[in-house]
>>> print(open('coords22.cif').read())   # mmCIF, C-alpha atoms and all ligand atoms
data_work
#
loop_
_atom_site.label_atom_id
_atom_site.label_comp_id
_atom_site.auth_asym_id
_atom_site.auth_seq_id
_atom_site.Cartn_x
_atom_site.Cartn_y
_atom_site.Cartn_z
CA MET A 275 79.65 -50.92 -89.52
CA LYS A 276 78.51 -54.52 -89.91
CA ILE A 277 80.46 -57.44 -88.49
CA ALA A 278 81.80 -59.32 -91.49
CA HIS A 279 84.27 -61.80 -90.01
CA VAL A 280 85.32 -63.18 -86.62
CA GLU A 281 88.63 -65.01 -85.99
CA ALA A 282 89.90 -66.82 -82.89
CA ILE A 283 93.68 -67.13 -82.98
CA PRO A 284 95.42 -69.28 -80.32
CA PHE A 285 98.83 -68.11 -79.19
CA ALA A 286 101.31 -69.11 -76.49
CA ILE A 287 103.80 -66.84 -74.71
CA PRO A 288 105.86 -68.27 -71.83
CA TYR A 289 105.93 -66.64 -68.42
CA ARG A 290 109.35 -65.73 -67.07
CA LYS A 291 108.10 -66.88 -63.69
CA PRO A 292 105.00 -69.05 -63.12
CA LEU A 293 102.10 -67.74 -61.04
CA ARG A 294 100.92 -70.28 -58.45
CA PHE A 295 97.67 -70.09 -56.49
CA ALA A 296 95.28 -72.42 -54.67
CA SER A 297 93.31 -73.53 -57.73
CA GLY A 298 96.12 -73.83 -60.28
CA GLU A 299 99.27 -72.42 -61.78
CA VAL A 300 100.16 -70.63 -64.99
CA HIS A 301 103.43 -71.18 -66.86
CA THR A 302 102.40 -70.07 -70.34
CA ALA A 303 99.88 -67.51 -71.52
CA ASP A 304 98.03 -69.89 -73.83
CA HIS A 305 95.39 -67.34 -74.73
CA VAL A 306 93.17 -66.66 -77.73
CA LEU A 307 93.19 -63.41 -79.69
CA VAL A 308 89.68 -62.65 -80.92
CA ARG A 309 89.63 -60.41 -83.98
CA VAL A 310 86.47 -58.88 -85.45
CA ARG A 311 86.48 -57.33 -88.94
CA THR A 312 83.76 -55.06 -90.25
CA ASP A 313 82.49 -54.73 -93.80
CA ASP A 314 84.19 -51.31 -93.99
CA GLY A 315 87.59 -52.73 -93.05
CA LEU A 316 87.84 -51.90 -89.32
CA VAL A 317 89.40 -54.42 -86.97
CA GLY A 318 88.65 -54.85 -83.25
CA VAL A 319 90.65 -57.13 -80.96
CA ALA A 320 90.49 -58.62 -77.47
CA GLU A 321 92.08 -61.53 -75.65
CA ALA A 322 90.52 -64.59 -73.99
CA PRO A 323 92.64 -66.18 -71.22
CA PRO A 324 91.35 -69.71 -70.54
CA ARG A 325 91.30 -70.77 -66.91
CA PRO A 326 90.32 -74.46 -67.17
CA TYR A 327 90.55 -75.14 -63.42
CA THR A 328 88.00 -72.39 -62.77
CA TYR A 329 85.56 -72.10 -65.67
CA GLY A 330 86.35 -75.24 -67.68
CA GLU A 331 87.30 -73.32 -70.83
CA THR A 332 90.49 -74.30 -72.65
CA GLN A 333 92.32 -72.61 -75.49
CA GLN A 334 90.87 -75.19 -77.90
CA SER A 335 87.33 -74.86 -76.52
CA ILE A 336 87.47 -71.06 -76.85
CA VAL A 337 88.61 -71.25 -80.48
CA ALA A 338 85.87 -73.79 -81.23
CA VAL A 339 83.00 -71.98 -79.54
CA VAL A 340 83.95 -68.57 -80.99
CA GLU A 341 84.35 -69.84 -84.54
CA ARG A 342 81.58 -72.46 -84.66
CA ILE A 343 78.88 -71.20 -82.27
CA PHE A 344 79.29 -67.45 -81.69
CA ALA A 345 80.67 -66.16 -85.00
CA PRO A 346 77.62 -67.31 -87.02
CA GLU A 347 75.39 -65.58 -84.44
CA VAL A 348 77.07 -62.19 -84.76
CA VAL A 349 78.25 -61.93 -88.38
CA GLY A 350 75.89 -59.52 -90.14
CA LEU A 351 75.00 -57.58 -86.98
CA SER A 352 75.86 -53.88 -86.74
CA LEU A 353 78.50 -52.87 -84.18
CA LEU A 354 75.67 -50.95 -82.52
CA ASP A 355 73.51 -54.09 -82.06
CA ARG A 356 75.20 -54.87 -78.77
CA GLU A 357 72.04 -55.93 -76.92
CA VAL A 358 71.10 -58.26 -79.78
CA MET A 359 74.56 -59.76 -79.67
CA ALA A 360 74.43 -60.12 -75.87
CA ALA A 361 71.04 -61.83 -76.07
CA ARG A 362 72.28 -64.29 -78.69
CA LEU A 363 75.45 -65.15 -76.78
CA ALA A 364 73.46 -65.46 -73.53
CA ARG A 365 71.63 -68.49 -74.96
CA THR A 366 74.89 -70.36 -74.18
CA VAL A 367 75.13 -70.59 -70.41
CA GLY A 368 78.91 -71.15 -70.08
CA ASN A 369 82.00 -69.99 -71.98
CA PRO A 370 82.38 -66.62 -70.21
CA THR A 371 85.85 -65.83 -71.52
CA ALA A 372 84.96 -66.55 -75.14
CA LYS A 373 81.86 -64.34 -74.93
CA ALA A 374 83.76 -61.57 -73.15
CA ALA A 375 86.54 -61.39 -75.74
CA LEU A 376 84.04 -61.21 -78.58
CA ASP A 377 82.12 -58.45 -76.80
CA MET A 378 85.27 -56.40 -76.16
CA ALA A 379 86.58 -56.83 -79.71
CA VAL A 380 83.26 -55.42 -80.96
CA TRP A 381 83.60 -52.42 -78.60
CA ASP A 382 87.17 -51.85 -79.87
CA ALA A 383 85.90 -51.80 -83.45
CA LEU A 384 82.98 -49.55 -82.46
CA GLY A 385 85.36 -47.05 -80.84
CA LYS A 386 87.49 -47.01 -83.96
CA SER A 387 84.46 -46.46 -86.18
CA LEU A 388 83.34 -43.47 -84.04
CA ASP A 389 86.90 -42.20 -83.41
CA LEU A 390 86.29 -42.41 -79.65
CA SER A 391 88.05 -44.43 -76.99
CA VAL A 392 86.22 -47.31 -75.31
CA THR A 393 86.73 -45.46 -72.01
CA GLN A 394 84.92 -42.40 -73.43
CA LEU A 395 82.10 -44.59 -74.77
CA LEU A 396 81.64 -46.47 -71.50
CA GLY A 397 81.62 -43.46 -69.18
CA GLY A 398 84.79 -41.38 -69.51
CA TYR A 399 85.30 -40.88 -65.77
CA THR A 400 89.13 -40.77 -65.68
CA ASP A 401 92.10 -41.82 -67.79
CA ARG A 402 94.09 -43.98 -65.36
CA MET A 403 93.97 -46.35 -62.42
CA ARG A 404 96.19 -47.12 -59.50
CA VAL A 405 97.64 -50.61 -59.86
CA SER A 406 97.50 -53.59 -57.49
CA HIS A 407 99.98 -56.43 -58.05
CA MET A 408 99.09 -60.08 -57.44
CA VAL A 409 101.74 -62.18 -55.64
CA GLY A 410 101.64 -65.97 -56.12
CA PHE A 411 102.81 -68.80 -53.88
CA ALA A 412 106.54 -68.99 -53.25
CA SER A 413 108.85 -69.02 -50.25
CA ASP A 414 108.37 -66.08 -47.87
CA GLU A 415 111.73 -64.69 -49.02
CA ALA A 416 110.78 -64.87 -52.71
CA MET A 417 107.38 -63.24 -52.09
CA VAL A 418 109.02 -60.41 -50.16
CA ALA A 419 111.67 -59.95 -52.85
CA GLU A 420 109.00 -59.78 -55.56
CA THR A 421 106.89 -57.18 -53.79
CA GLU A 422 109.94 -55.04 -53.01
CA ARG A 423 111.07 -55.20 -56.65
CA VAL A 424 107.59 -54.33 -57.95
CA ARG A 425 107.23 -51.48 -55.46
CA ASP A 426 110.68 -50.06 -56.23
CA THR A 427 110.44 -50.47 -60.00
CA TYR A 428 106.84 -49.47 -60.69
CA GLY A 429 105.79 -47.53 -57.60
CA ILE A 430 103.04 -50.07 -56.82
CA THR A 431 101.99 -50.04 -53.17
CA THR A 432 98.94 -52.36 -53.24
CA PHE A 433 99.43 -56.14 -53.27
CA LYS A 434 97.02 -59.06 -53.46
CA VAL A 435 98.61 -62.07 -51.78
CA LYS A 436 97.57 -65.55 -52.86
CA VAL A 437 96.56 -67.74 -49.91
CA GLY A 438 94.61 -70.98 -49.49
CA ARG A 439 97.49 -73.38 -48.75
CA ARG A 440 97.49 -75.96 -45.96
CA PRO A 441 98.31 -75.67 -43.15
CA VAL A 442 96.98 -72.11 -42.95
CA GLY A 443 100.14 -71.14 -41.06
CA LEU A 444 102.05 -71.17 -44.35
CA ASP A 445 100.04 -68.23 -45.65
CA VAL A 446 99.80 -66.52 -42.28
CA GLY A 447 103.62 -66.62 -42.18
CA ALA A 448 103.94 -65.25 -45.71
CA CYS A 449 101.55 -62.36 -45.03
CA ARG A 450 103.37 -61.58 -41.80
CA ALA A 451 106.73 -61.57 -43.60
CA LEU A 452 105.31 -59.20 -46.23
CA ARG A 453 103.88 -56.80 -43.67
CA THR A 454 107.15 -56.80 -41.70
CA ALA A 455 109.25 -56.14 -44.81
CA LEU A 456 106.96 -53.61 -46.50
CA GLY A 457 105.85 -51.65 -43.45
CA PRO A 458 102.46 -50.16 -42.63
CA ASP A 459 102.02 -47.93 -45.70
CA VAL A 460 101.55 -50.71 -48.21
CA GLU A 461 98.06 -52.15 -48.78
CA LEU A 462 97.82 -55.93 -48.47
CA TYR A 463 94.80 -58.14 -49.16
CA VAL A 464 94.37 -61.87 -49.68
CA ASP A 465 92.77 -64.22 -52.22
CA GLY A 466 92.21 -67.89 -51.36
CA ASN A 467 90.83 -69.20 -54.69
CA ARG A 468 88.52 -71.49 -52.66
CA GLY A 469 91.43 -73.27 -50.98
CA TRP A 470 90.19 -73.28 -47.40
CA THR A 471 87.18 -74.53 -45.50
CA PRO A 472 85.23 -71.82 -43.67
CA SER A 473 86.78 -72.87 -40.36
CA GLU A 474 90.31 -72.75 -41.80
CA ALA A 475 89.55 -69.34 -43.26
CA ALA A 476 88.23 -68.09 -39.90
CA ARG A 477 91.36 -69.38 -38.18
CA ALA A 478 93.63 -67.68 -40.72
CA LEU A 479 91.81 -64.33 -40.51
CA HIS A 480 91.98 -64.51 -36.73
CA ASP A 481 95.73 -65.21 -36.85
CA MET A 482 96.27 -62.31 -39.29
CA ALA A 483 94.06 -59.85 -37.41
CA ASP A 484 97.00 -57.57 -36.64
CA LEU A 485 98.24 -57.35 -40.25
CA GLY A 486 95.82 -54.68 -41.45
CA LEU A 487 94.49 -56.71 -44.39
CA THR A 488 91.98 -54.68 -46.38
CA LEU A 489 90.08 -57.41 -48.29
CA SER A 490 89.65 -61.19 -48.24
CA GLU A 491 88.66 -62.78 -51.53
CA GLU A 492 87.08 -66.17 -52.23
CA LEU A 493 88.66 -67.96 -49.25
CA CYS A 494 86.26 -70.92 -49.53
CA PRO A 495 83.98 -72.35 -52.24
CA ALA A 496 80.65 -70.77 -53.20
CA ASP A 497 78.82 -73.98 -52.30
CA ASP A 498 79.85 -73.53 -48.66
CA VAL A 499 76.71 -71.43 -48.51
CA LEU A 500 76.21 -71.15 -44.76
CA GLY A 501 79.95 -71.30 -44.08
CA ARG A 502 80.61 -68.24 -46.25
CA ARG A 503 77.78 -66.36 -44.59
CA TRP A 504 79.13 -67.34 -41.17
CA LEU A 505 82.62 -66.20 -42.13
CA THR A 506 81.50 -62.88 -43.58
CA ALA A 507 79.39 -62.14 -40.51
CA GLN A 508 82.32 -62.55 -38.12
CA THR A 509 85.09 -60.63 -39.89
CA HIS A 510 85.51 -56.88 -40.11
CA ILE A 511 87.46 -57.38 -43.37
CA PRO A 512 85.29 -56.95 -46.49
CA THR A 513 84.82 -60.28 -48.30
CA VAL A 514 85.15 -60.25 -52.09
CA ALA A 515 83.31 -62.67 -54.39
CA ASP A 516 85.39 -63.46 -57.49
CA GLU A 517 84.87 -66.75 -59.35
CA SER A 518 81.62 -67.32 -57.42
CA ALA A 519 80.09 -64.19 -59.01
CA VAL A 520 80.51 -64.42 -62.76
CA THR A 521 76.95 -63.51 -63.77
CA PRO A 522 74.61 -60.76 -62.54
CA GLY A 523 72.43 -63.47 -60.95
CA GLN A 524 75.37 -64.90 -59.02
CA VAL A 525 76.32 -61.39 -57.91
CA THR A 526 72.82 -60.93 -56.51
CA ARG A 527 72.98 -64.26 -54.68
CA GLU A 528 76.40 -63.64 -53.17
CA LEU A 529 75.52 -60.16 -51.92
CA LEU A 530 71.97 -60.86 -50.73
CA ASP A 531 73.03 -64.13 -49.08
CA GLY A 532 75.58 -62.21 -47.04
CA ALA A 533 78.26 -64.51 -48.48
CA ALA A 534 80.30 -61.56 -49.74
CA THR A 535 80.28 -57.80 -49.31
CA MET A 536 82.19 -56.83 -52.48
CA ILE A 537 82.52 -58.08 -56.06
CA SER A 538 85.57 -58.57 -58.27
CA ILE A 539 84.84 -57.49 -61.83
CA LYS A 540 86.99 -59.11 -64.51
CA THR A 541 86.50 -57.91 -68.05
CA ALA A 542 88.20 -61.14 -69.16
CA ARG A 543 85.03 -63.04 -68.19
CA THR A 544 82.24 -60.46 -68.42
CA GLY A 545 83.51 -58.23 -71.23
CA PHE A 546 82.40 -54.61 -71.23
CA GLY A 547 78.66 -55.23 -71.57
CA THR A 548 78.08 -57.63 -68.67
CA SER A 549 80.78 -55.94 -66.55
CA GLN A 550 78.80 -52.71 -66.87
CA ARG A 551 75.60 -54.48 -65.79
CA ILE A 552 77.39 -55.91 -62.75
CA LEU A 553 79.04 -52.59 -61.94
CA HIS A 554 75.75 -50.71 -61.96
CA GLN A 555 74.08 -53.50 -60.01
CA CYS A 556 76.77 -53.23 -57.30
CA GLU A 557 76.57 -49.45 -57.27
CA GLY A 558 72.81 -49.62 -56.84
CA LEU A 559 73.13 -52.10 -54.01
CA GLY A 560 75.89 -50.10 -52.34
CA ALA A 561 78.53 -52.80 -52.77
CA GLU A 562 82.13 -51.87 -53.60
CA VAL A 563 83.98 -53.50 -56.49
CA VAL A 564 87.57 -54.27 -57.36
CA MET A 565 88.85 -54.61 -60.93
CA GLY A 566 90.30 -58.14 -60.92
CA ASN A 567 92.87 -59.88 -63.10
CA GLN A 568 92.32 -63.22 -64.81
CA ILE A 569 96.09 -63.35 -65.37
CA ASP A 570 95.62 -61.21 -68.45
CA GLY A 571 98.24 -60.35 -71.02
CA GLN A 572 98.66 -56.78 -72.24
CA VAL A 573 95.61 -56.89 -74.53
CA GLY A 574 93.43 -58.04 -71.62
CA THR A 575 95.01 -55.52 -69.26
CA ALA A 576 94.29 -52.71 -71.74
CA CYS A 577 90.65 -53.86 -71.62
CA SER A 578 90.57 -53.90 -67.78
CA VAL A 579 91.98 -50.40 -67.42
CA ALA A 580 89.76 -49.05 -70.23
CA PHE A 581 86.72 -50.28 -68.32
CA GLY A 582 87.93 -49.56 -64.78
CA ALA A 583 88.87 -45.97 -65.58
CA ALA A 584 85.60 -45.30 -67.38
CA HIS A 585 83.50 -45.32 -64.21
CA ARG A 586 83.76 -43.68 -60.82
CA HIS A 587 82.68 -46.82 -58.97
CA SER A 588 85.30 -49.08 -60.63
CA SER A 589 88.19 -46.61 -60.42
CA ARG A 590 88.13 -45.98 -56.68
CA ARG A 591 90.35 -48.87 -55.68
CA ALA A 592 93.64 -49.99 -57.24
CA GLY A 593 92.92 -52.39 -60.11
CA GLU A 594 94.80 -55.68 -60.61
CA LEU A 595 96.62 -54.65 -63.78
CA SER A 596 100.21 -55.80 -63.55
CA ASN A 597 100.63 -59.55 -63.99
CA PHE A 598 101.56 -59.15 -67.66
CA LEU A 599 104.91 -57.98 -66.24
CA ASP A 600 105.77 -61.64 -65.63
CA MET A 601 105.34 -62.62 -69.30
CA SER A 602 108.46 -62.98 -71.43
CA ASP A 603 106.88 -60.99 -74.29
CA ASP A 604 103.50 -59.82 -75.57
CA LEU A 605 101.60 -58.91 -78.74
CA LEU A 606 101.37 -55.12 -78.70
CA THR A 607 103.38 -52.80 -80.94
CA GLU A 608 103.77 -50.47 -77.95
CA PRO A 609 103.97 -52.20 -74.55
CA LEU A 610 101.85 -50.99 -71.64
CA GLU A 611 103.85 -49.08 -69.05
CA ILE A 612 103.17 -48.82 -65.35
CA SER A 613 104.84 -45.92 -63.59
CA GLY A 614 104.26 -44.11 -60.32
CA GLY A 615 101.99 -47.01 -59.36
CA GLU A 616 99.52 -46.15 -62.13
CA LEU A 617 98.49 -47.45 -65.54
CA ALA A 618 97.01 -44.96 -68.00
CA VAL A 619 94.33 -45.78 -70.53
CA ARG A 620 95.80 -45.84 -74.01
CA PRO A 621 94.93 -42.71 -75.96
CA GLY A 622 93.37 -43.21 -79.36
CA PRO A 623 90.16 -44.75 -80.64
CA GLY A 624 88.82 -48.06 -79.35
CA LEU A 625 91.26 -49.68 -76.95
CA GLY A 626 94.11 -47.61 -78.40
CA ILE A 627 96.22 -50.71 -79.00
CA ALA A 628 97.74 -52.31 -82.10
CA ILE A 629 98.81 -55.93 -82.52
CA ASP A 630 102.35 -56.42 -83.83
CA PRO A 631 101.93 -58.72 -86.85
CA ASP A 632 105.42 -60.22 -86.47
CA LYS A 633 104.84 -61.06 -82.82
CA LEU A 634 101.47 -62.60 -83.59
CA ALA A 635 103.00 -64.66 -86.41
CA HIS A 636 105.73 -65.81 -84.03
CA TYR A 637 103.48 -66.78 -81.09
CA ARG A 638 100.35 -68.08 -82.82
CA THR A 639 100.04 -71.83 -82.55
CA ASP A 640 97.63 -72.55 -85.40
CA ALA A 641 99.90 -71.62 -88.31
C1 LIG B 701 92.23 -64.32 -59.04
O1 LIG B 701 91.80 -63.25 -58.64
O2 LIG B 701 91.70 -65.34 -58.62
C2 LIG B 701 93.65 -66.78 -60.57
C3 LIG B 701 92.85 -67.58 -61.31
C4 LIG B 701 92.02 -66.77 -62.09
O3 LIG B 701 91.13 -67.09 -62.86
O4 LIG B 701 92.28 -65.47 -61.81
C5 LIG B 701 93.42 -65.40 -60.98
C6 LIG B 701 93.38 -64.34 -60.00
MG MG B 702 90.44 -64.12 -57.16
#
>>> encode(input="coords22.cif", output="structure tokens")
Amino acid sequence: MKIAHVEAIPFAIPYRKPLRFASGEVHTADHVLVRVRTDDGLVGVAEAPPRPYTYGETQQSIVAVVERIFAPEVVGLSLLDREVMAARLARTVGNPTAKAALDMAVWDALGKSLDLSVTQLLGGYTDRMRVSHMVGFASDEAMVAETERVRDTYGITTFKVKVGRRPVGLDVGACRALRTALGPDVELYVDGNRGWTPSEAARALHDMADLGLTLSEELCPADDVLGRRWLTAQTHIPTVADESAVTPGQVTRELLDGAATMISIKTARTGFGTSQRILHQCEGLGAEVVMGNQIDGQVGTACSVAFGAAHRHSSRRAGELSNFLDMSDDLLTEPLEISGGELAVRPGPGLGIAIDPDKLAHYRTDA
């Protein structure tokens, strides 16, 4: 049960259709597969999706920090030494995605060694989540066509719409077109990825007041401290902190400052260990959470649903679990399937997933 070897394998899989949002755009899943091997031959895996425009990590920086800084800290630890591992990784302030992937790969191996699923180990609340689909910038017509296709094909009825463009009327128009086309029964919420000033955000929310939006996420930057508090105080729509709340300390600040009323939990950046700390912190404070998506591939999405389904507090809302659908291929032997608007946790020990060796050989970029 001891960690014997840690690998960080870069791979690149093109998207069929790029995802565009206020802070960047994604054309290729240039992620890193983190693989942990134990001395008794078990293998745990997870995926790190770099988001350089948000956290500063790149594919190359993730490979380097996992192999040179983190691997020597964890090799020799037992799979059960998760607090020791967390304390060692916490000495490094940044690199959230690299730390998260290592943490989740260890949980996958631990589940396999105990013949239990990660969901059972974390809390075992349910075995599935409703799915929310994230819609990137495009023409109004293209955004409507995408949501209709996703609704009709997968039964998804919750959509997160990317906003944060200028002038704000562009996004107000897109949200209005979506509401008109999809009708009142579909849930719509918005994510600005820090694109607007507080006054632009207030204007946009005012202009969309009749659209029945259920959440507004990260409309303006975290450093707009008073502006975010001012915005949150004047809207009846819950405000979600995403990239401004990556650590438990930041979660505390956002919630106690009145800058946000809810927190997005992304296993891609807080793994299972820190995500669980944040989840329990939010539950204790009476703040709702949403399971977010760091534009994860199928490995990352399997991690999100494994965590989200494990707890009552994280499984209440639809989780953002569907953007892998836009990738041209993936690494799993058996692809994830969304149907009836839901994604089920994979049965089987650990994460219940297996990496297809031929696909990995094809897409890895270090060979
Ligand atoms: C989101 O919720 O912001 C876009 C960038 C990123 O890191 O995650 C996505 C989605
Ligand atoms: Mg977001």
>>> atom_distance(input="coords22.cif", atom1="atom CA of Ile569 of chain A", atom2="atom O4 of ligand LIG 701 (chain B)")
5.6 Å
>>> atom_distance(input="coords22.cif", atom1="atom CA of Arg591 of chain A", atom2="atom CA of Leu529 of chain A")
19.0 Å
>>> residues_near_ligand(input="coords22.cif", ligand="ligand MG 702 (chain B)", cutoff="8 Å", atoms="all atoms listed in the file", output="PyMOL selection string")
chain A and resi 465-467+491-492+515-517+538+566-568
>>> residues_around(input="coords22.cif", residues="Leu444 of chain A", least_positions_apart="4", cutoff="12 Å", atoms="all atoms listed in the file", output="list of chain:residue names")
A:Phe411, A:Ala412, A:Ser413, A:Asp414, A:Lys436, A:Val437, A:Gly438, A:Arg439, A:Arg440, A:Ala448, A:Cys449, A:Arg450, A:Ala451, A:Ala478, A:Asp481, A:Met482
>>> write_last_selection(input="coords22.cif", atoms="C-alpha atoms", output="tab-separated table (two decimals), in the frame of the given file")
chain	number	residue	atom	x	y	z
A	411	PHE	CA	102.81	-68.80	-53.88
A	412	ALA	CA	106.54	-68.99	-53.25
A	413	SER	CA	108.85	-69.02	-50.25
A	414	ASP	CA	108.37	-66.08	-47.87
A	436	LYS	CA	97.57	-65.55	-52.86
A	437	VAL	CA	96.56	-67.74	-49.91
A	438	GLY	CA	94.61	-70.98	-49.49
A	439	ARG	CA	97.49	-73.38	-48.75
A	440	ARG	CA	97.49	-75.96	-45.96
A	448	ALA	CA	103.94	-65.25	-45.71
A	449	CYS	CA	101.55	-62.36	-45.03
A	450	ARG	CA	103.37	-61.58	-41.80
A	451	ALA	CA	106.73	-61.57	-43.60
A	478	ALA	CA	93.63	-67.68	-40.72
A	481	ASP	CA	95.73	-65.21	-36.85
A	482	MET	CA	96.27	-62.31	-39.29
>>> closest_residue(input="coords22.cif", among="A:Met378, A:Met565, A:Leu316, A:Val405", to="ligand LIG 701 (chain B)", atoms="only C-alpha atoms and all ligand atoms")
A:Met565
>>> residues_around(input="coords22.cif", residues="Ala303 of chain A", least_positions_apart="4", cutoff="10 Å", atoms="only C-alpha atoms", output="VMD selection string")
chain A and resid 285 to 289 292 323 to 324 333 569 to 571 598 601 to 604
>>> atom_distance(input="coords22.cif", atom1="atom CA of Gly532 of chain A", atom2="atom CA of Arg503 of chain A")
5.3 Å
>>> residues_near_point(input="coords22.cif", point="(83.3, -61.4, -86.5)", cutoff="8 Å", atoms="all atoms listed in the file", output="PyMOL selection string")
chain A and resi 277-281+309-312+345+348-349+376
>>> residues_around(input="coords22.cif", residues="Asp382 of chain A", least_positions_apart="5", cutoff="6 Å", atoms="all atoms listed in the file", output="PyMOL selection string")
chain A and resi 318+624-625
>>> residues_around(input="coords22.cif", residues="Ser549 of chain A", least_positions_apart="3", cutoff="9 Å", atoms="all atoms listed in the file", output="ChimeraX atom specification")
/A:521-522,539-541,543-546,552-554,581
>>> write_last_selection(input="coords22.cif", atoms="C-alpha atoms", output="tab-separated table (two decimals), in the frame of the given file")
chain	number	residue	atom	x	y	z
A	521	THR	CA	76.95	-63.51	-63.77
A	522	PRO	CA	74.61	-60.76	-62.54
A	539	ILE	CA	84.84	-57.49	-61.83
A	540	LYS	CA	86.99	-59.11	-64.51
A	541	THR	CA	86.50	-57.91	-68.05
A	543	ARG	CA	85.03	-63.04	-68.19
A	544	THR	CA	82.24	-60.46	-68.42
A	545	GLY	CA	83.51	-58.23	-71.23
A	546	PHE	CA	82.40	-54.61	-71.23
A	552	ILE	CA	77.39	-55.91	-62.75
A	553	LEU	CA	79.04	-52.59	-61.94
A	554	HIS	CA	75.75	-50.71	-61.96
A	581	PHE	CA	86.72	-50.28	-68.32
>>> residues_around(input="coords22.cif", residues="Gly368 of chain A", least_positions_apart="6", cutoff="9 Å", atoms="all atoms listed in the file", output="ChimeraX atom specification")
/A:329-331
>>> closest_residue(input="coords22.cif", among="A:Arg362, A:His305, A:His510, A:Lys276", to="Ser335 of chain A", atoms="all atoms listed in the file")
A:His305
>>> closest_residue(input="coords22.cif", among="A:Met536, A:Pro370, A:Ser589, A:Gly523", to="Arg551 of chain A", atoms="all atoms listed in the file")
A:Gly523
>>> closest_residue(input="coords22.cif", among="A:Arg404, A:Gly626, A:Val418, A:Leu610", to="Ser588 of chain A", atoms="only C-alpha atoms")
A:Arg404
>>> axis_aligned_box(input="coords22.cif", around="ligand LIG 701 (chain B)", padding_each_side="4 Å", output="JSON")
{"center_x": 92.4, "center_y": -65.4, "center_z": -60.7, "size_x": 10.5, "size_y": 12.3, "size_z": 12.2}
>>> closest_residue(input="coords22.cif", among="A:Val300, A:Leu363, A:Ala628, A:Ala542", to="Asp600 of chain A", atoms="only C-alpha atoms")
A:Val300
>>> closest_residue(input="coords22.cif", among="A:Cys556, A:Ala576, A:Leu493, A:Val564", to="Phe295 of chain A", atoms="all atoms listed in the file")
A:Leu493
>>> residues_near_point(input="coords22.cif", point="(102.7, -55.8, -44.7)", cutoff="10 Å", atoms="all atoms listed in the file", output="PyMOL selection string")
chain A and resi 418+432-433+448-463+485-487
